[in-house]
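These notes are about the structure you will find just below.
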Amino acid sequence: MDRKFTVKEIAFQAGLSPATVDRALHAREHVRQVTRDRVAAAIAELDRQYGATLSEGRKFTIDVLIQSPKRFSSAVRAALEAELPLVKPAAFRARFHLAEVMDDKAIVSKLYAIARRGTHGIVLKVPATPAIEACLQVITDRGIPVVTYVTDVPEPLRLAYVGMENRRAGATAAYLMARMRRNTGGRVLVTLSSQMFQGEEQRRIGFADYLSKLPDPPAILTVSEGLGVNRTTKKIVMEALAAHSDIDCVYSIGGGNRAVLEAFAEAGRTVDIFAAHDLDQTNRKLLDSGQLSFVLHHDFRQDARRVSLHFLKYHKLVPQSVEIEQTDISIACPLP
């Protein structure tokens with residue numbers, strides 16, 4: 001059979017044994033359809049990534065493990081797929097492990113599976129729970145570099161963090177909201193996807209600290225565990241609106257903004273100022289329609305370049321003196 005990739009390459013991409021891949025490729029018996037689908041998906045992924053990568057230099061495979069709503073993980077994936085083929089002097093390809101909801105056990109299992117089959121680095125956005133941190137200790141002890149993205153884990157457990165400085169981002173949101181806010185005495189609703197995401201909690205702290213220093217600081221109510229998913233986010237916001245008639249502003253750290261707006265509409269309430277994060281497809285539409293007051297965002301493609309630079313430095317393919325700048329915080333506002 002004439003193939004562009006070896007059985008070993010396909011097996012590495014699919015996370016299967018070479019023997020299993022060989023049986024699937026030759027349409028032998030006793031191979032489940034789900035296994036054939038994994039092999040086909042691995043070949044398609046290799047085709048897409050190899051076609052754009054360099055034909056020379058060392059090749060690296062990194063694993064991208066993200067727990068987030070699809071709107072966010074899709075934007076991150078698109079940025080990495082656009083930028084990684086441009087990286088020099090090495091050629092990078094990525095294996096993606098994306099889910100909206102994963103519990104500790106599933107995340108730990110996935111991390112160990114990645115480590116067992118081999119990887120040149122892991123890009124990680126998951127909660128900083130004790131079980132996950134214990135797993136990361138084992139992985140870093142094995143010499144596997146981990147770059148956290150958007151939300152962090154304790155410094156000894158990762159090589160680097162890529163994303164906006166979260167306390168500063170929260171303080172920036174508070175500054176802008178304070179400048180725009182009418183003196184109504186209303187309450188600010190802060191929404192987190194989960195308190196276990198360290199980056200989100202740092203944004204909340206920065207936001208609350210800045211507002212607390214104002215002469216007449218507004219009351220703040222924080223709700224969480226909606227996981228950025230519309231159904232669960234809407235439920236917790238509806239409960240908050242039922243309990244507090246004075247909520248008039250929203251700082252959405254955890255996403256699910258369309259669901260937040262639906263909750264206000266169903267409660268017969270309006271949002272005076274609505275601050276959000278990330279210029280994903282949904283937020284762009286809400287911003288264009290004027291339903292969001294402003295969005296704090298960072299350039300996903302620039303962050304993808306920063307991720308690759310951290311791995312290049314780790315593998316000594318660029319000078320250790322190369323400085324990797326922090327992610328800039330950008331502000332997007334509705335245009336008249």
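Chain identifiers are assigned as A, B, and so on, following the order in which chains appear in the structure tokens; residues are numbered from 1 within each chain, and ligands are numbered from 1 in order of appearance.
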
- Task: Pick out each residue of range 111-147 of chain A that DSSP on the backbone tags as strand (DSSP E); I need them as a list of chain:residue names.
- Result: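 Result set for range 111-147 of chain A (strand (DSSP E)): A:Ile122, A:Val123, A:Leu124, A:Lys125, A:Val146, A:Val147.
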
- Message: So that I can check the surroundings of Ile205 in chain A, please list as a PyMOL selection string every protein, DNA and RNA residue that reaches within 8 Å of it, counting only C-alpha atoms and ignoring chain neighbours fewer than 3 positions away.
- Response: chain A and resi 167+170+201-202+208-209

- Which distance in Å separates CA of Ala11 in chain A and CA of Thr61 in chain A, to one decimal? 13.0 Å

- Message: Taking the DSSP secondary structure from the backbone, can you list the residues of range 36-186 of chain A that are helix (DSSP H, G or I), as a ChimeraX atom specification?
- Response: /A:36-52,70-86,104-117,130-141,155-157,166-180

- Surrounding residues of range 296-300 of chain A excluding itself and chain neighbours under 2 positions, 8 Å, only C-alpha atoms, as a PyMOL selection string: chain A and resi 75-76+79+163-164+169+173+275-279+294+302-304+327-332

Pull N, CA and C atoms from the residues just selected and write them as a CSV table (one decimal), in the first residue's frame.
```
chain,number,residue,atom,x,y,z
A,75,ALA,N,-11.0,28.4,18.8
A,75,ALA,CA,-10.2,29.5,18.5
A,75,ALA,C,-8.7,29.3,18.8
A,76,VAL,N,-8.4,28.6,19.9
A,76,VAL,CA,-7.0,28.3,20.2
A,76,VAL,C,-6.4,27.3,19.2
A,79,ALA,N,-5.6,29.0,15.9
A,79,ALA,CA,-4.4,29.8,16.0
A,79,ALA,C,-3.1,29.0,16.0
A,163,GLY,N,-0.3,33.8,28.3
A,163,GLY,CA,-1.7,34.4,28.4
A,163,GLY,C,-1.5,35.8,29.1
A,164,MET,N,-2.6,36.5,29.1
A,164,MET,CA,-2.6,37.8,29.8
A,164,MET,C,-2.3,37.7,31.3
A,169,ALA,N,-5.5,42.0,34.2
A,169,ALA,CA,-6.7,42.0,33.4
A,169,ALA,C,-8.0,42.3,34.2
A,173,ALA,N,-10.5,45.6,33.7
A,173,ALA,CA,-11.9,45.5,33.6
A,173,ALA,C,-12.6,46.4,34.6
A,275,ALA,N,-19.0,43.5,30.8
A,275,ALA,CA,-17.6,43.3,30.4
A,275,ALA,C,-17.3,41.8,30.2
A,276,ALA,N,-16.6,41.4,29.2
A,276,ALA,CA,-16.4,40.0,28.9
A,276,ALA,C,-14.9,39.8,28.5
A,277,HIS,N,-14.6,38.5,28.3
A,277,HIS,CA,-13.2,38.1,27.9
A,277,HIS,C,-13.3,37.4,26.6
A,278,ASP,N,-12.3,37.6,25.7
A,278,ASP,CA,-12.0,36.8,24.5
A,278,ASP,C,-12.9,37.2,23.3
A,279,LEU,N,-12.2,37.4,22.2
A,279,LEU,CA,-13.0,37.7,21.0
A,279,LEU,C,-13.2,36.4,20.2
A,294,PHE,N,-17.6,46.0,26.5
A,294,PHE,CA,-16.3,45.9,26.0
A,294,PHE,C,-15.8,44.5,26.3
A,302,GLN,N,-0.5,35.3,18.3
A,302,GLN,CA,0.7,35.7,19.0
A,302,GLN,C,1.0,34.8,20.2
A,303,ASP,N,0.0,34.4,20.9
A,303,ASP,CA,0.2,33.4,22.0
A,303,ASP,C,0.7,32.1,21.5
A,304,ALA,N,0.2,31.7,20.3
A,304,ALA,CA,0.7,30.4,19.7
A,304,ALA,C,2.2,30.5,19.4
A,327,THR,N,2.0,38.6,27.3
A,327,THR,CA,0.8,38.8,26.4
A,327,THR,C,0.2,40.2,26.7
A,328,ASP,N,0.0,40.9,25.7
A,328,ASP,CA,-0.7,42.2,25.8
A,328,ASP,C,-2.2,42.1,26.1
A,329,ILE,N,-2.7,43.0,26.8
A,329,ILE,CA,-4.2,43.0,27.0
A,329,ILE,C,-4.7,44.1,26.1
A,330,SER,N,-5.6,43.6,25.2
A,330,SER,CA,-6.3,44.5,24.3
A,330,SER,C,-7.8,44.7,24.6
A,331,ILE,N,-8.3,45.8,24.2
A,331,ILE,CA,-9.7,46.1,24.6
A,331,ILE,C,-10.5,46.3,23.3
A,332,ALA,N,-11.6,45.6,23.1
A,332,ALA,CA,-12.4,45.8,22.0
A,332,ALA,C,-13.8,46.4,22.4
```
